[in-house]
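J.: Got a file for you: protein_6.pdb, PDB, C-alpha atoms, pLDDT in the B column.
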```pdb
ATOM      1  CA  MET R   1     -21.533 -35.604 -24.803  1.00 55.00           C
ATOM      2  CA  SER R   2     -20.767 -34.247 -28.251  1.00 57.00           C
ATOM      3  CA  GLU R   3     -23.610 -31.745 -27.819  1.00 57.00           C
ATOM      4  CA  GLU R   4     -21.910 -30.201 -24.763  1.00 57.00           C
ATOM      5  CA  ILE R   5     -18.692 -29.691 -26.677  1.00 56.00           C
ATOM      6  CA  GLN R   6     -20.509 -27.933 -29.508  1.00 56.00           C
ATOM      7  CA  GLN R   7     -22.314 -25.571 -27.128  1.00 56.00           C
ATOM      8  CA  THR R   8     -19.141 -24.073 -25.634  1.00 57.00           C
ATOM      9  CA  GLN R   9     -17.971 -20.842 -27.203  1.00 56.00           C
ATOM     10  CA  THR R  10     -14.827 -20.718 -29.266  1.00 58.00           C
ATOM     11  CA  ASN R  11     -12.543 -17.723 -29.691  1.00 58.00           C
ATOM     12  CA  GLU R  12     -14.157 -16.992 -33.054  1.00 63.00           C
ATOM     13  CA  ASP R  13     -17.598 -16.542 -31.455  1.00 66.00           C
ATOM     14  CA  ARG R  14     -16.459 -13.934 -28.927  1.00 65.00           C
ATOM     15  CA  PRO R  15     -16.592 -10.258 -29.861  1.00 75.00           C
ATOM     16  CA  PHE R  16     -13.342  -8.321 -30.139  1.00 77.00           C
ATOM     17  CA  VAL R  17     -12.317  -6.915 -26.765  1.00 81.00           C
ATOM     18  CA  LYS R  18     -10.084  -3.878 -26.888  1.00 81.00           C
ATOM     19  CA  LYS R  19      -7.384  -3.794 -24.209  1.00 83.00           C
ATOM     20  CA  ALA R  20      -6.884  -0.693 -22.118  1.00 83.00           C
ATOM     21  CA  PRO R  21      -3.793   1.315 -23.102  1.00 83.00           C
ATOM     22  CA  ARG R  22      -0.764   0.985 -20.870  1.00 78.00           C
ATOM     23  CA  PRO R  23       0.062   4.036 -18.799  1.00 78.00           C
ATOM     24  CA  LYS R  24       3.220   5.843 -19.860  1.00 76.00           C
ATOM     25  CA  LYS R  25       6.308   5.001 -17.842  1.00 75.00           C
ATOM     26  CA  ARG R  26       7.338   7.926 -15.734  1.00 79.00           C
ATOM     27  CA  PRO R  27      10.886   9.160 -16.322  1.00 86.00           C
ATOM     28  CA  CYS R  28      13.695   8.321 -13.934  1.00 88.00           C
ATOM     29  CA  PRO R  29      14.083  11.122 -11.342  1.00 87.00           C
ATOM     30  CA  PHE R  30      17.869  10.894 -11.471  1.00 87.00           C
ATOM     31  CA  CYS R  31      17.880  11.140 -15.284  1.00 87.00           C
ATOM     32  CA  MET R  32      15.610  14.167 -15.092  1.00 88.00           C
ATOM     33  CA  SER R  33      17.894  15.969 -12.643  1.00 85.00           C
ATOM     34  CA  LYS R  34      20.943  14.893 -14.702  1.00 82.00           C
ATOM     35  CA  SER R  35      22.787  13.850 -11.562  1.00 76.00           C
ATOM     36  CA  VAL R  36      26.146  12.290 -12.323  1.00 79.00           C
ATOM     37  CA  TYR R  37      26.566  10.194  -9.188  1.00 85.00           C
ATOM     38  CA  ILE R  38      24.253   8.896  -6.464  1.00 88.00           C
ATOM     39  CA  ASP R  39      26.017   9.590  -3.186  1.00 89.00           C
ATOM     40  CA  TYR R  40      25.559   7.296  -0.200  1.00 89.00           C
ATOM     41  CA  LYS R  41      25.515  10.353   2.118  1.00 90.00           C
ATOM     42  CA  ASP R  42      22.540  11.845   0.270  1.00 86.00           C
ATOM     43  CA  GLY R  43      19.377  12.229   2.333  1.00 84.00           C
ATOM     44  CA  ARG R  44      17.155  11.186  -0.593  1.00 82.00           C
ATOM     45  CA  LEU R  45      18.190   7.551  -0.187  1.00 87.00           C
ATOM     46  CA  THR R  46      15.676   7.000   2.602  1.00 88.00           C
ATOM     47  CA  LYS R  47      12.942   7.462  -0.005  1.00 89.00           C
ATOM     48  CA  TYR R  48      14.234   4.408  -1.902  1.00 90.00           C
ATOM     49  CA  ALA R  49      14.526   2.080   1.098  1.00 90.00           C
ATOM     50  CA  THR R  50      11.926   0.754   3.526  1.00 90.00           C
ATOM     51  CA  GLU R  51      12.046   1.336   7.276  1.00 88.00           C
ATOM     52  CA  LYS R  52      13.847  -1.979   7.665  1.00 87.00           C
ATOM     53  CA  GLY R  53      16.460  -0.908   5.101  1.00 82.00           C
ATOM     54  CA  LYS R  54      15.315  -3.062   2.193  1.00 91.00           C
ATOM     55  CA  ILE R  55      15.760  -1.513  -1.241  1.00 93.00           C
ATOM     56  CA  ILE R  56      12.505  -0.785  -3.094  1.00 93.00           C
ATOM     57  CA  SER R  57      12.182  -2.385  -6.534  1.00 92.00           C
ATOM     58  CA  ARG R  58      12.626  -0.603  -9.820  1.00 91.00           C
ATOM     59  CA  ARG R  59       8.969  -0.982 -10.738  1.00 90.00           C
ATOM     60  CA  GLN R  60       7.875   0.958  -7.687  1.00 90.00           C
ATOM     61  CA  THR R  61      10.572   3.639  -7.731  1.00 88.00           C
ATOM     62  CA  GLY R  62      10.487   4.320 -11.477  1.00 89.00           C
ATOM     63  CA  LEU R  63      14.259   4.362 -11.833  1.00 91.00           C
ATOM     64  CA  CYS R  64      16.109   3.287 -14.952  1.00 90.00           C
ATOM     65  CA  ALA R  65      18.369   0.204 -14.757  1.00 92.00           C
ATOM     66  CA  LYS R  66      21.586   2.237 -14.585  1.00 92.00           C
ATOM     67  CA  HIS R  67      20.451   4.391 -11.690  1.00 91.00           C
ATOM     68  CA  GLN R  68      18.855   1.459  -9.858  1.00 93.00           C
ATOM     69  CA  ARG R  69      22.258  -0.286  -9.837  1.00 94.00           C
ATOM     70  CA  GLU R  70      23.962   2.882  -8.561  1.00 93.00           C
ATOM     71  CA  LEU R  71      21.246   3.326  -5.954  1.00 93.00           C
ATOM     72  CA  THR R  72      21.707  -0.263  -4.764  1.00 93.00           C
ATOM     73  CA  VAL R  73      25.419   0.304  -4.169  1.00 93.00           C
ATOM     74  CA  ALA R  74      24.746   3.614  -2.407  1.00 93.00           C
ATOM     75  CA  VAL R  75      22.055   2.157  -0.120  1.00 92.00           C
ATOM     76  CA  LYS R  76      24.277  -0.795   0.777  1.00 91.00           C
ATOM     77  CA  ARG R  77      27.129   1.580   1.666  1.00 92.00           C
ATOM     78  CA  ALA R  78      24.798   3.780   3.720  1.00 90.00           C
ATOM     79  CA  ARG R  79      23.491   0.711   5.545  1.00 88.00           C
ATOM     80  CA  ASN R  80      27.029  -0.455   6.257  1.00 90.00           C
ATOM     81  CA  MET R  81      27.939   2.940   7.743  1.00 89.00           C
ATOM     82  CA  ALA R  82      24.663   3.078   9.697  1.00 85.00           C
ATOM     83  CA  LEU R  83      23.391   6.148   7.847  1.00 82.00           C
ATOM     84  CA  ILE R  84      20.116   4.400   7.025  1.00 76.00           C
TER
END
```
Using structure tokens, write down the structure that the file contains.

T.:
Amino acid sequence: MSEEIQQTQTNEDRPFVKKAPRPKKRPCPFCMSKSVYIDYKDGRLTKYATEKGKIISRRQTGLCAKHQRELTVAVKRARNMALI
């Protein structure tokens, strides 16, 4: 049994594996356009919500935290007024 333990590789025996570089995070579209306020009447909101009206996550949309919070409020208002 001790022979089996000795035959397994340890971390020291493995060659160095270089990790692939992370892709650069794309900039927030609202920061790029320098928009001050995300309006609930804006037609672009449909891009950030699914057909059922669920808000798409920040990872998928590429928004910064500030604009994702503003977008959430705007989508909820648009849903409430039946604009989405």

J.: Need the shell around range 54-63 of chain R: protein/DNA/RNA residues with any atom at most 10 Å away, counting all atoms listed in the file. Skip same-chain ones fewer than 3 positions apart. Format as a ChimeraX atom specification?

T.: /R:25-31,45-51,66-69,71-72,75-76,79

J.: As an exercise, work out the distance from CA of Gly53 in chain R to CA of Ser35 in chain R in Å and give it to one decimal place.

T.: 23.1 Å

J.: Go ahead and compute the interatomic distance for CA of Cys64 in chain R and CA of Lys52 in chain R, in Å to one decimal.

T.: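 Going from CA of Cys64 in chain R over to CA of Lys52 in chain R covers 23.3 Å.
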
J.: Calculate how many Å separate CA of Val73 in chain R from CA of Val36 in chain R, rounding to one decimal.

T.: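 Separating CA of Val73 in chain R from CA of Val36 in chain R is a distance of 14.5 Å.
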
J.: Care to translate the PyMOL selection byres ((chain R and resi 40) around 6) into actual residues of this file, as a count of residues only?

T.: 5

J.: Between R:Ala82, R:Met32, R:Tyr37, R:Gly43, single out the one closest to Glu70 in chain R, counting all atoms listed in the file.

T.: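 Using all atoms listed in the file, the shortest distance to Glu70 in chain R belongs to R:Tyr37.
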
J.: From the block I gave, I'd like range 15-28 of chain R written with all heavy atoms, as a PDB file, in the first residue's frame.

T.:
```pdb
ATOM      1  N   PRO R  15       4.980  19.822 -14.213  1.00  0.00           N
ATOM      2  CA  PRO R  15       5.610  21.003 -14.826  1.00  0.00           C
ATOM      3  C   PRO R  15       4.731  22.239 -14.622  1.00  0.00           C
ATOM      4  O   PRO R  15       3.525  22.149 -14.397  1.00  0.00           O
ATOM      5  CB  PRO R  15       5.685  20.641 -16.312  1.00  0.00           C
ATOM      6  CG  PRO R  15       4.625  19.619 -16.502  1.00  0.00           C
ATOM      7  CD  PRO R  15       4.514  18.884 -15.207  1.00  0.00           C
ATOM      8  N   PHE R  16       5.355  23.396 -14.697  1.00  0.00           N
ATOM      9  CA  PHE R  16       4.635  24.655 -14.511  1.00  0.00           C
ATOM     10  C   PHE R  16       3.661  24.865 -15.665  1.00  0.00           C
ATOM     11  O   PHE R  16       4.038  24.792 -16.837  1.00  0.00           O
ATOM     12  CB  PHE R  16       5.634  25.817 -14.445  1.00  0.00           C
ATOM     13  CG  PHE R  16       4.981  27.158 -14.321  1.00  0.00           C
ATOM     14  CD1 PHE R  16       4.378  27.538 -13.142  1.00  0.00           C
ATOM     15  CD2 PHE R  16       4.943  28.033 -15.385  1.00  0.00           C
ATOM     16  CE1 PHE R  16       3.770  28.766 -13.020  1.00  0.00           C
ATOM     17  CE2 PHE R  16       4.342  29.261 -15.278  1.00  0.00           C
ATOM     18  CZ  PHE R  16       3.755  29.628 -14.086  1.00  0.00           C
ATOM     19  N   VAL R  17       2.413  25.125 -15.343  1.00  0.00           N
ATOM     20  CA  VAL R  17       1.388  25.347 -16.353  1.00  0.00           C
ATOM     21  C   VAL R  17       1.000  26.816 -16.301  1.00  0.00           C
ATOM     22  O   VAL R  17       0.537  27.313 -15.272  1.00  0.00           O
ATOM     23  CB  VAL R  17       0.150  24.457 -16.102  1.00  0.00           C
ATOM     24  CG1 VAL R  17      -0.907  24.726 -17.151  1.00  0.00           C
ATOM     25  CG2 VAL R  17       0.550  22.997 -16.098  1.00  0.00           C
ATOM     26  N   LYS R  18       1.198  27.497 -17.407  1.00  0.00           N
ATOM     27  CA  LYS R  18       0.888  28.916 -17.464  1.00  0.00           C
ATOM     28  C   LYS R  18      -0.598  29.090 -17.750  1.00  0.00           C
ATOM     29  O   LYS R  18      -1.134  28.476 -18.668  1.00  0.00           O
ATOM     30  CB  LYS R  18       1.710  29.581 -18.562  1.00  0.00           C
ATOM     31  CG  LYS R  18       1.635  31.080 -18.549  1.00  0.00           C
ATOM     32  CD  LYS R  18       2.605  31.676 -19.540  1.00  0.00           C
ATOM     33  CE  LYS R  18       2.589  33.176 -19.447  1.00  0.00           C
ATOM     34  NZ  LYS R  18       3.516  33.785 -20.391  1.00  0.00           N
ATOM     35  N   LYS R  19      -1.266  29.928 -16.965  1.00  0.00           N
ATOM     36  CA  LYS R  19      -2.689  30.178 -17.160  1.00  0.00           C
ATOM     37  C   LYS R  19      -2.890  31.157 -18.305  1.00  0.00           C
ATOM     38  O   LYS R  19      -2.061  32.038 -18.552  1.00  0.00           O
ATOM     39  CB  LYS R  19      -3.311  30.758 -15.897  1.00  0.00           C
ATOM     40  CG  LYS R  19      -3.347  29.791 -14.744  1.00  0.00           C
ATOM     41  CD  LYS R  19      -4.040  30.411 -13.561  1.00  0.00           C
ATOM     42  CE  LYS R  19      -4.081  29.463 -12.389  1.00  0.00           C
ATOM     43  NZ  LYS R  19      -4.728  30.054 -11.229  1.00  0.00           N
ATOM     44  N   ALA R  20      -4.005  31.010 -18.989  1.00  0.00           N
ATOM     45  CA  ALA R  20      -4.340  31.919 -20.074  1.00  0.00           C
ATOM     46  C   ALA R  20      -4.686  33.291 -19.489  1.00  0.00           C
ATOM     47  O   ALA R  20      -5.306  33.378 -18.426  1.00  0.00           O
ATOM     48  CB  ALA R  20      -5.511  31.374 -20.868  1.00  0.00           C
ATOM     49  N   PRO R  21      -4.301  34.374 -20.154  1.00  0.00           N
ATOM     50  CA  PRO R  21      -4.612  35.697 -19.623  1.00  0.00           C
ATOM     51  C   PRO R  21      -6.113  35.965 -19.676  1.00  0.00           C
ATOM     52  O   PRO R  21      -6.814  35.492 -20.569  1.00  0.00           O
ATOM     53  CB  PRO R  21      -3.857  36.651 -20.552  1.00  0.00           C
ATOM     54  CG  PRO R  21      -3.667  35.877 -21.810  1.00  0.00           C
ATOM     55  CD  PRO R  21      -3.570  34.443 -21.407  1.00  0.00           C
ATOM     56  N   ARG R  22      -6.590  36.699 -18.694  1.00  0.00           N
ATOM     57  CA  ARG R  22      -8.001  37.058 -18.660  1.00  0.00           C
ATOM     58  C   ARG R  22      -8.303  38.084 -19.744  1.00  0.00           C
ATOM     59  O   ARG R  22      -7.498  38.991 -19.978  1.00  0.00           O
ATOM     60  CB  ARG R  22      -8.376  37.681 -17.320  1.00  0.00           C
ATOM     61  CG  ARG R  22      -8.469  36.723 -16.202  1.00  0.00           C
ATOM     62  CD  ARG R  22      -9.010  37.436 -14.995  1.00  0.00           C
ATOM     63  NE  ARG R  22      -9.122  36.532 -13.864  1.00  0.00           N
ATOM     64  CZ  ARG R  22      -9.531  36.895 -12.681  1.00  0.00           C
ATOM     65  NH1 ARG R  22      -9.828  38.152 -12.443  1.00  0.00           N
ATOM     66  NH2 ARG R  22      -9.620  36.023 -11.713  1.00  0.00           N
ATOM     67  N   PRO R  23      -9.442  37.975 -20.376  1.00  0.00           N
ATOM     68  CA  PRO R  23      -9.789  39.009 -21.358  1.00  0.00           C
ATOM     69  C   PRO R  23     -10.101  40.316 -20.648  1.00  0.00           C
ATOM     70  O   PRO R  23     -10.591  40.315 -19.514  1.00  0.00           O
ATOM     71  CB  PRO R  23     -11.031  38.442 -22.041  1.00  0.00           C
ATOM     72  CG  PRO R  23     -11.574  37.437 -21.096  1.00  0.00           C
ATOM     73  CD  PRO R  23     -10.429  36.920 -20.303  1.00  0.00           C
ATOM     74  N   LYS R  24      -9.802  41.430 -21.299  1.00  0.00           N
ATOM     75  CA  LYS R  24     -10.051  42.731 -20.689  1.00  0.00           C
ATOM     76  C   LYS R  24     -11.546  42.964 -20.564  1.00  0.00           C
ATOM     77  O   LYS R  24     -12.328  42.606 -21.444  1.00  0.00           O
ATOM     78  CB  LYS R  24      -9.433  43.835 -21.537  1.00  0.00           C
ATOM     79  CG  LYS R  24      -7.938  43.841 -21.486  1.00  0.00           C
ATOM     80  CD  LYS R  24      -7.377  45.034 -22.213  1.00  0.00           C
ATOM     81  CE  LYS R  24      -5.875  45.042 -22.126  1.00  0.00           C
ATOM     82  NZ  LYS R  24      -5.287  46.178 -22.823  1.00  0.00           N
ATOM     83  N   LYS R  25     -11.934  43.590 -19.454  1.00  0.00           N
ATOM     84  CA  LYS R  25     -13.348  43.870 -19.223  1.00  0.00           C
ATOM     85  C   LYS R  25     -13.758  45.026 -20.127  1.00  0.00           C
ATOM     86  O   LYS R  25     -13.083  46.058 -20.182  1.00  0.00           O
ATOM     87  CB  LYS R  25     -13.565  44.243 -17.755  1.00  0.00           C
ATOM     88  CG  LYS R  25     -15.015  44.340 -17.379  1.00  0.00           C
ATOM     89  CD  LYS R  25     -15.147  44.506 -15.888  1.00  0.00           C
ATOM     90  CE  LYS R  25     -16.551  44.490 -15.401  1.00  0.00           C
ATOM     91  NZ  LYS R  25     -17.529  45.190 -16.140  1.00  0.00           N
ATOM     92  N   ARG R  26     -14.835  44.825 -20.833  1.00  0.00           N
ATOM     93  CA  ARG R  26     -15.278  45.878 -21.733  1.00  0.00           C
ATOM     94  C   ARG R  26     -15.859  47.034 -20.906  1.00  0.00           C
ATOM     95  O   ARG R  26     -16.456  46.816 -19.848  1.00  0.00           O
ATOM     96  CB  ARG R  26     -16.297  45.349 -22.725  1.00  0.00           C
ATOM     97  CG  ARG R  26     -17.522  44.766 -22.071  1.00  0.00           C
ATOM     98  CD  ARG R  26     -18.433  44.156 -23.070  1.00  0.00           C
ATOM     99  NE  ARG R  26     -19.364  43.288 -22.350  1.00  0.00           N
ATOM    100  CZ  ARG R  26     -20.306  42.615 -22.884  1.00  0.00           C
ATOM    101  NH1 ARG R  26     -20.484  42.660 -24.169  1.00  0.00           N
ATOM    102  NH2 ARG R  26     -21.094  41.856 -22.169  1.00  0.00           N
ATOM    103  N   PRO R  27     -15.720  48.248 -21.386  1.00  0.00           N
ATOM    104  CA  PRO R  27     -16.213  49.389 -20.608  1.00  0.00           C
ATOM    105  C   PRO R  27     -17.738  49.450 -20.610  1.00  0.00           C
ATOM    106  O   PRO R  27     -18.403  48.957 -21.515  1.00  0.00           O
ATOM    107  CB  PRO R  27     -15.616  50.592 -21.332  1.00  0.00           C
ATOM    108  CG  PRO R  27     -15.354  50.114 -22.707  1.00  0.00           C
ATOM    109  CD  PRO R  27     -15.047  48.658 -22.598  1.00  0.00           C
ATOM    110  N   CYS R  28     -18.265  50.069 -19.583  1.00  0.00           N
ATOM    111  CA  CYS R  28     -19.707  50.226 -19.431  1.00  0.00           C
ATOM    112  C   CYS R  28     -20.233  51.136 -20.548  1.00  0.00           C
ATOM    113  O   CYS R  28     -19.708  52.236 -20.759  1.00  0.00           O
ATOM    114  CB  CYS R  28     -19.991  50.832 -18.059  1.00  0.00           C
ATOM    115  SG  CYS R  28     -21.693  51.313 -17.803  1.00  0.00           S
TER     116      CYS R  28
END
```
